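What follows is my_file-v3.txt (compact mmCIF, C-alpha atoms).
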# COMPACT_ATOMS: atom_id res chain seq x y z
CA MET A 1 -2.42 76.06 31.60
CA PRO A 2 -4.77 78.38 29.68
CA THR A 3 -6.49 81.21 31.52
CA LYS A 4 -10.26 80.79 31.55
CA VAL A 5 -12.18 83.66 29.95
CA ASP A 6 -15.99 83.60 29.95
CA VAL A 7 -17.76 86.13 27.73
CA TYR A 8 -21.48 86.67 28.40
CA LEU A 9 -23.35 88.18 25.46
CA ASP A 10 -26.73 88.88 23.91
CA TYR A 11 -27.36 89.37 20.20
CA VAL A 12 -29.26 92.66 20.60
CA CYS A 13 -26.34 94.27 22.46
CA PRO A 14 -24.16 96.30 20.07
CA PHE A 15 -21.28 96.40 22.53
CA CYS A 16 -21.14 92.59 22.47
CA PHE A 17 -20.54 92.86 18.71
CA LEU A 18 -17.99 95.66 19.11
CA ILE A 19 -15.74 93.64 21.46
CA GLU A 20 -15.32 90.78 18.97
CA ASP A 21 -12.00 92.10 17.63
CA ALA A 22 -10.63 92.57 21.15
CA ILE A 23 -11.59 89.01 22.05
CA ALA A 24 -10.03 87.71 18.84
CA GLU A 25 -6.79 89.61 19.51
CA LEU A 26 -6.69 88.27 23.06
CA LYS A 27 -7.16 84.72 21.76
CA HIS A 28 -4.17 85.08 19.43
CA ALA A 29 -1.92 86.95 21.86
CA ARG A 30 -2.37 84.94 25.05
CA ASP A 31 -2.86 81.34 26.15
CA VAL A 32 -6.56 81.56 26.97
CA ASP A 33 -9.59 79.31 26.95
CA ILE A 34 -12.40 81.59 25.74
CA GLU A 35 -15.99 80.44 26.12
CA LEU A 36 -18.99 82.41 24.92
CA LYS A 37 -21.95 82.31 27.30
CA PRO A 38 -25.58 83.26 26.55
CA PHE A 39 -27.30 86.05 28.46
CA GLU A 40 -30.80 87.20 27.61
CA LEU A 41 -31.09 90.91 28.43
CA ARG A 42 -34.88 91.06 28.20
CA PRO A 43 -36.45 87.64 28.68
CA ASP A 44 -40.19 87.34 28.35
CA PRO A 45 -42.23 89.14 29.72
CA VAL A 46 -39.75 92.05 30.02
CA PRO A 47 -40.59 94.56 27.24
CA THR A 48 -38.00 94.90 24.49
CA LEU A 49 -36.77 98.28 23.26
CA ARG A 50 -38.07 100.33 20.33
CA PRO A 51 -35.70 102.25 18.04
CA GLU A 52 -38.23 105.08 17.60
CA ASP A 53 -38.19 105.85 21.33
CA GLY A 54 -35.60 108.20 22.78
CA TYR A 55 -33.37 105.74 24.64
CA LEU A 56 -31.80 103.74 21.81
CA PRO A 57 -31.01 106.69 19.49
CA ARG A 58 -29.45 108.55 22.42
CA VAL A 59 -27.23 105.62 23.46
CA TRP A 60 -26.17 104.97 19.90
CA LYS A 61 -25.31 108.62 19.27
CA GLN A 62 -23.40 109.03 22.53
CA SER A 63 -21.66 105.65 22.80
CA VAL A 64 -22.21 103.08 20.07
CA TYR A 65 -21.44 105.12 16.94
CA PRO A 66 -18.28 106.79 18.36
CA MET A 67 -16.93 103.41 19.49
CA ALA A 68 -17.82 101.75 16.19
CA GLU A 69 -16.08 104.51 14.23
CA ARG A 70 -12.98 104.22 16.42
CA LEU A 71 -12.86 100.44 15.94
CA GLY A 72 -13.75 100.51 12.25
CA PHE A 73 -17.01 98.60 12.63
CA ASP A 74 -19.86 98.80 10.11
CA ILE A 75 -22.86 98.96 12.42
CA THR A 76 -26.16 100.85 12.50
CA LEU A 77 -29.14 100.96 14.83
CA PRO A 78 -31.52 98.23 13.57
CA THR A 79 -34.91 99.46 12.40
CA ILE A 80 -36.86 96.43 13.67
CA SER A 81 -39.47 97.55 16.18
CA PRO A 82 -39.83 96.39 18.82
CA GLN A 83 -36.44 94.72 19.04
CA PRO A 84 -36.68 90.93 18.88
CA ARG A 85 -36.39 88.64 21.84
CA THR A 86 -33.29 86.48 21.65
CA GLU A 87 -34.33 83.30 23.45
CA LYS A 88 -34.77 81.35 20.21
CA ALA A 89 -31.48 82.56 18.72
CA LEU A 90 -29.79 81.57 21.98
CA LEU A 91 -31.41 78.13 21.90
CA VAL A 92 -29.68 77.59 18.57
CA PHE A 93 -26.49 78.93 20.16
CA GLN A 94 -26.66 75.79 22.33
CA LEU A 95 -26.58 73.75 19.11
CA ALA A 96 -23.77 75.86 17.65
CA ARG A 97 -21.73 75.31 20.79
CA GLN A 98 -22.43 71.57 20.60
CA LYS A 99 -21.28 71.54 16.96
CA GLY A 100 -18.14 73.56 17.69
CA VAL A 101 -19.10 76.80 15.92
CA PRO A 102 -20.30 79.17 18.69
CA GLU A 103 -18.03 82.04 17.61
CA GLU A 104 -18.98 81.74 13.94
CA TYR A 105 -22.68 81.52 14.74
CA SER A 106 -22.56 84.49 17.10
CA GLU A 107 -20.71 86.67 14.61
CA ALA A 108 -23.23 85.76 11.90
CA MET A 109 -26.13 86.59 14.22
CA PHE A 110 -24.62 89.97 15.13
CA LYS A 111 -24.10 90.80 11.46
CA ALA A 112 -27.66 89.76 10.60
CA PHE A 113 -29.07 92.14 13.19
CA PHE A 114 -26.70 95.10 13.21
CA GLN A 115 -25.62 95.15 9.55
CA GLN A 116 -28.54 93.59 7.66
CA HIS A 117 -31.38 94.67 9.99
CA ARG A 118 -32.90 91.19 9.97
CA ASN A 119 -35.39 90.06 12.60
CA ILE A 120 -33.29 87.55 14.54
CA GLY A 121 -36.34 86.56 16.55
CA ASP A 122 -37.90 85.00 13.44
CA ASP A 123 -37.47 81.23 13.01
CA GLU A 124 -36.65 81.40 9.29
CA VAL A 125 -34.05 84.11 9.83
CA ILE A 126 -32.44 82.08 12.61
CA ILE A 127 -32.42 78.97 10.41
CA ASP A 128 -30.84 80.91 7.54
CA VAL A 129 -28.16 82.47 9.75
CA ALA A 130 -27.39 79.07 11.27
CA ALA A 131 -27.14 77.51 7.80
CA SER A 132 -24.56 80.15 6.84
CA VAL A 133 -22.15 78.64 9.39
CA GLY A 134 -22.86 75.05 8.39
CA LEU A 135 -25.67 74.01 10.71
CA GLU A 136 -28.30 71.74 9.19
CA ARG A 137 -31.87 72.99 8.94
CA GLU A 138 -33.28 69.88 10.59
CA ASP A 139 -30.92 70.23 13.54
CA VAL A 140 -31.81 73.91 13.93
CA GLU A 141 -35.52 73.18 13.84
CA ARG A 142 -35.05 70.56 16.55
CA ALA A 143 -33.00 73.02 18.61
CA LEU A 144 -35.75 75.63 18.39
CA ALA A 145 -38.23 73.12 19.82
CA SER A 146 -35.83 71.43 22.24
CA GLU A 147 -36.94 71.43 25.86
CA GLU A 148 -33.48 70.20 26.80
CA PHE A 149 -31.84 73.25 25.22
CA ARG A 150 -34.49 75.53 26.72
CA ALA A 151 -33.88 74.13 30.21
CA LYS A 152 -30.12 74.48 29.77
CA HIS A 153 -30.48 78.05 28.51
CA ARG A 154 -32.66 79.04 31.44
CA ALA A 155 -30.32 77.37 33.91
CA GLU A 156 -27.38 79.34 32.47
CA LEU A 157 -29.39 82.55 32.65
CA GLU A 158 -30.37 81.87 36.26
CA HIS A 159 -26.75 81.15 37.18
CA ALA A 160 -25.62 84.38 35.52
CA VAL A 161 -28.24 86.48 37.30
CA LYS A 162 -28.33 84.86 40.73
CA ASP A 163 -24.80 83.56 41.20
CA LEU A 164 -22.76 86.04 39.15
CA ALA A 165 -25.06 89.07 39.58
CA ILE A 166 -24.82 89.92 35.87
CA GLU A 167 -27.13 92.74 34.87
CA ALA A 168 -25.55 93.92 31.62
CA VAL A 169 -23.47 92.59 28.77
CA PRO A 170 -20.83 92.16 27.66
CA SER A 171 -19.71 90.71 30.98
CA ILE A 172 -16.26 89.19 30.77
CA PHE A 173 -14.81 87.02 33.52
CA VAL A 174 -11.06 86.43 33.43
CA ASP A 175 -10.12 83.61 35.81
CA GLY A 176 -13.35 84.40 37.66
CA GLU A 177 -12.70 88.15 37.88
CA LEU A 178 -15.27 90.45 36.26
CA VAL A 179 -13.89 92.96 33.78
CA CYS A 180 -16.35 95.85 33.71
CA GLY A 181 -17.26 98.02 30.76
CA VAL A 182 -16.21 97.42 27.17
CA PRO A 183 -12.53 96.55 27.48
CA SER A 184 -9.92 96.98 24.78
CA ALA A 185 -7.61 94.14 23.77
CA THR A 186 -4.80 95.89 25.66
CA ARG A 187 -6.81 95.94 28.86
CA LEU A 188 -7.88 92.31 28.47
CA LYS A 189 -4.29 91.21 27.93
CA LYS A 190 -3.25 93.09 31.05
CA VAL A 191 -5.98 91.42 33.12
CA VAL A 192 -4.96 87.99 31.79
CA ASP A 193 -1.31 88.70 32.61
CA GLN A 194 -2.30 89.65 36.15
CA ALA A 195 -4.33 86.44 36.49
CA VAL A 196 -1.35 84.37 35.30
CA GLN A 197 0.88 86.15 37.82
CA ARG A 198 -1.59 85.36 40.61
CA GLN A 199 -1.71 81.71 39.59
CA ARG A 200 2.06 81.49 39.59
CA GLN A 201 2.24 83.13 43.00
CA GLU A 202 -0.32 80.70 44.40
CA VAL A 203 1.71 77.76 43.09
CA ALA A 204 4.87 79.23 44.60
CA ASP A 205 3.13 79.77 47.95
CA GLU A 206 1.88 76.18 47.98
CA SER A 207 5.36 74.86 47.30
CA ILE A 208 6.71 76.83 50.24
CA HIS A 209 3.81 75.97 52.56
CA PRO A 210 2.48 72.57 51.44
Structure re-expressed in structure tokens:
Amino acid sequence: MPTKVDVYLDYVCPFCFLIEDAIAELKHARDVDIELKPFELRPDPVPTLRPEDGYLPRVWKQSVYPMAERLGFDITLPTISPQPRTEKALLVFQLARQKGVPEEYSEAMFKAFFQQHRNIGDDEVIIDVAASVGLEREDVERALASEEFRAKHRAELEHAVKDLAIEAVPSIFVDGELVCGVPSATRLKKVVDQAVQRQRQEVADESIHP
């Protein structure tokens, strides 16, 4: 039985982009069911960040760039100011998930923002990125205006905040256990192995004490 792994992400979080290789390695090395989950770091009316202010350059210099260099990622601090809101891009994520391409769509969105410095809050940019992974323009336009997708997105966000107490991303849950920080593939595999061992022990205990 695959181990459930939920990965909460937002498209303006560089660390969510930087863990992609670790998640991919985990997927190939272990029997896991990985599901990407949307998390909006700064939903309206929370102000978004500005690259010309001190916070973003400091975080990128201290944490993002060293990690990116170590992992071999091509990534730079986007120049768009203020940073875009991601609700609309995450509405189309609902469509991408429905169509079976959530990983492809998310990777394309990360690349658009962190490598091409495109405004991923703009409808036409979102439509173009979605088209690059095979989504039809008409479907994307409907997704952007969909109250059903908006309600689902907000329900997922509320569940993440209120029930799971998520405050930052990436937040990775392995068999319901939160893995803090930005884990390597080695660490993720270890956590999955521990979860499998727990599951086996629970089955053994039940067989002894039905």
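With all atoms listed in the file as the atoms that count, the residue of A:Lys152, A:Arg85, A:Lys162, A:Lys61 with the shortest distance to Glu40 in chain A is A:Arg85.
With only C-alpha atoms as the atoms that count, the minimum distance from Ala108 in chain A to the choices A:Ala151, A:Pro84, A:His159, A:Gly134 is reached by A:Gly134.
Close contacts of Leu49 in chain A, defined as residues with an atom at most 9 Å away when counting only C-alpha atoms, with chain neighbours fewer than 6 positions off set aside, comprise Arg42, Tyr55, Leu56, Ser81, Pro82, Gln83 and Pro84 of chain A.
Atom to atom, CA of Pro14 in chain A and CA of Glu148 in chain A stand 28.5 Å apart.
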List the spatial neighbours of Leu77 in chain A as number ranges by chain - criterion: any atom at most 12 Å away, all atoms listed in the file, same-chain residues fewer than 6 positions off excluded. A: 12-15, 49-52, 55-61, 63-65, 68, 83, 110-111, 113-118
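If you measure from each of A:Phe149, A:Ile23, A:Glu156, A:Asp31 to Pro2 in chain A using all atoms listed in the file, the closest one turns out to be A:Asp31.
Of the residues under consideration (A:Ile120, A:Val161, A:Ile166, A:Leu135), A:Leu135 shows the shortest atom-to-atom contact distance to Tyr105 in chain A when counting only C-alpha atoms.
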Which residues, written as a list in words, have at least one atom at most 8 Å from Leu41 in chain A, with only C-alpha atoms counted and residues fewer than 3 positions away on the same chain left out? Asp10, Glu167, Ala168 and Val169 of chain A
What does the file look like for those residues with C-alpha atoms, as a compact mmCIF listing (two decimals), keeping the file's coordinate frame?
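Contents of out08.txt, freshly written:
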# COMPACT_ATOMS: atom_id res chain seq x y z
CA ASP A 10 -26.73 88.88 23.91
CA GLU A 167 -27.13 92.74 34.87
CA ALA A 168 -25.55 93.92 31.62
CA VAL A 169 -23.47 92.59 28.77
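Of the listed residues (A:Glu69, A:Phe39, A:Met1, A:Glu202), A:Phe39 comes nearest to Leu164 in chain A; the distances count all atoms listed in the file.
Contact shell of Arg200 in chain A at 12 Å (only C-alpha atoms; same-chain neighbours under 6 positions omitted): Met1, Thr3, Asp193, Gln194, Glu206 and Ser207 of chain A.
Of the residues listed (A:Gly72, A:Gly176, A:Pro170, A:Pro38), A:Pro38 shows the shortest atom-to-atom separation from Gln94 in chain A; distances use all atoms listed in the file.
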Nearby residues (all atoms listed in the file) at most 8 Å from Asp175 in chain A, same-chain spacing under 4 positions excluded, as JSON, numbers by chain: {"A": [3, 4, 5, 192, 195]}
Mind filling out range 123-146 of chain A with N, CA and C atoms and sending it as a PDB file, in the frame of the given file?
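Output saved as result_18.pdb:
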ATOM      1  N   ASP A 123     -38.023  82.579  13.190  1.00  0.00           N
ATOM      2  CA  ASP A 123     -37.470  81.230  13.010  1.00  0.00           C
ATOM      3  C   ASP A 123     -36.708  81.093  11.692  1.00  0.00           C
ATOM      4  N   GLU A 124     -37.284  81.570  10.597  1.00  0.00           N
ATOM      5  CA  GLU A 124     -36.650  81.400   9.290  1.00  0.00           C
ATOM      6  C   GLU A 124     -35.338  82.174   9.195  1.00  0.00           C
ATOM      7  N   VAL A 125     -35.305  83.336   9.807  1.00  0.00           N
ATOM      8  CA  VAL A 125     -34.050  84.110   9.830  1.00  0.00           C
ATOM      9  C   VAL A 125     -32.998  83.356  10.629  1.00  0.00           C
ATOM     10  N   ILE A 126     -33.375  82.838  11.779  1.00  0.00           N
ATOM     11  CA  ILE A 126     -32.440  82.080  12.610  1.00  0.00           C
ATOM     12  C   ILE A 126     -31.916  80.866  11.852  1.00  0.00           C
ATOM     13  N   ILE A 127     -32.819  80.148  11.183  1.00  0.00           N
ATOM     14  CA  ILE A 127     -32.420  78.970  10.410  1.00  0.00           C
ATOM     15  C   ILE A 127     -31.446  79.352   9.303  1.00  0.00           C
ATOM     16  N   ASP A 128     -31.712  80.462   8.631  1.00  0.00           N
ATOM     17  CA  ASP A 128     -30.840  80.910   7.540  1.00  0.00           C
ATOM     18  C   ASP A 128     -29.467  81.323   8.059  1.00  0.00           C
ATOM     19  N   VAL A 129     -29.445  82.054   9.162  1.00  0.00           N
ATOM     20  CA  VAL A 129     -28.160  82.470   9.750  1.00  0.00           C
ATOM     21  C   VAL A 129     -27.370  81.236  10.191  1.00  0.00           C
ATOM     22  N   ALA A 130     -28.059  80.293  10.821  1.00  0.00           N
ATOM     23  CA  ALA A 130     -27.390  79.070  11.270  1.00  0.00           C
ATOM     24  C   ALA A 130     -26.838  78.272  10.085  1.00  0.00           C
ATOM     25  N   ALA A 131     -27.597  78.228   8.992  1.00  0.00           N
ATOM     26  CA  ALA A 131     -27.140  77.510   7.800  1.00  0.00           C
ATOM     27  C   ALA A 131     -25.877  78.143   7.227  1.00  0.00           C
ATOM     28  N   SER A 132     -25.730  79.452   7.392  1.00  0.00           N
ATOM     29  CA  SER A 132     -24.560  80.150   6.840  1.00  0.00           C
ATOM     30  C   SER A 132     -23.259  79.733   7.518  1.00  0.00           C
ATOM     31  N   VAL A 133     -23.362  79.119   8.699  1.00  0.00           N
ATOM     32  CA  VAL A 133     -22.150  78.640   9.390  1.00  0.00           C
ATOM     33  C   VAL A 133     -22.111  77.115   9.423  1.00  0.00           C
ATOM     34  N   GLY A 134     -22.945  76.488   8.568  1.00  0.00           N
ATOM     35  CA  GLY A 134     -22.860  75.050   8.390  1.00  0.00           C
ATOM     36  C   GLY A 134     -23.795  74.194   9.204  1.00  0.00           C
ATOM     37  N   LEU A 135     -24.724  74.796   9.927  1.00  0.00           N
ATOM     38  CA  LEU A 135     -25.670  74.010  10.710  1.00  0.00           C
ATOM     39  C   LEU A 135     -26.825  73.550   9.825  1.00  0.00           C
ATOM     40  N   GLU A 136     -27.242  72.318  10.006  1.00  0.00           N
ATOM     41  CA  GLU A 136     -28.300  71.740   9.190  1.00  0.00           C
ATOM     42  C   GLU A 136     -29.669  72.229   9.638  1.00  0.00           C
ATOM     43  N   ARG A 137     -30.532  72.478   8.642  1.00  0.00           N
ATOM     44  CA  ARG A 137     -31.870  72.990   8.940  1.00  0.00           C
ATOM     45  C   ARG A 137     -32.618  72.088   9.926  1.00  0.00           C
ATOM     46  N   GLU A 138     -32.545  70.797   9.719  1.00  0.00           N
ATOM     47  CA  GLU A 138     -33.280  69.880  10.590  1.00  0.00           C
ATOM     48  C   GLU A 138     -32.789  69.981  12.025  1.00  0.00           C
ATOM     49  N   ASP A 139     -31.483  70.103  12.188  1.00  0.00           N
ATOM     50  CA  ASP A 139     -30.920  70.230  13.540  1.00  0.00           C
ATOM     51  C   ASP A 139     -31.366  71.540  14.187  1.00  0.00           C
ATOM     52  N   VAL A 140     -31.402  72.603  13.395  1.00  0.00           N
ATOM     53  CA  VAL A 140     -31.810  73.910  13.930  1.00  0.00           C
ATOM     54  C   VAL A 140     -33.281  73.882  14.332  1.00  0.00           C
ATOM     55  N   GLU A 141     -34.106  73.277  13.513  1.00  0.00           N
ATOM     56  CA  GLU A 141     -35.520  73.180  13.840  1.00  0.00           C
ATOM     57  C   GLU A 141     -35.734  72.398  15.138  1.00  0.00           C
ATOM     58  N   ARG A 142     -34.961  71.330  15.305  1.00  0.00           N
ATOM     59  CA  ARG A 142     -35.050  70.560  16.550  1.00  0.00           C
ATOM     60  C   ARG A 142     -34.579  71.386  17.738  1.00  0.00           C
ATOM     61  N   ALA A 143     -33.527  72.173  17.528  1.00  0.00           N
ATOM     62  CA  ALA A 143     -33.000  73.020  18.610  1.00  0.00           C
ATOM     63  C   ALA A 143     -34.035  74.050  19.043  1.00  0.00           C
ATOM     64  N   LEU A 144     -34.733  74.625  18.087  1.00  0.00           N
ATOM     65  CA  LEU A 144     -35.750  75.630  18.390  1.00  0.00           C
ATOM     66  C   LEU A 144     -36.882  75.062  19.234  1.00  0.00           C
ATOM     67  N   ALA A 145     -37.139  73.763  19.081  1.00  0.00           N
ATOM     68  CA  ALA A 145     -38.230  73.120  19.820  1.00  0.00           C
ATOM     69  C   ALA A 145     -37.733  72.293  21.001  1.00  0.00           C
ATOM     70  N   SER A 146     -36.424  72.319  21.244  1.00  0.00           N
ATOM     71  CA  SER A 146     -35.830  71.430  22.240  1.00  0.00           C
ATOM     72  C   SER A 146     -36.074  71.914  23.672  1.00  0.00           C
TER      73      SER A 146
END
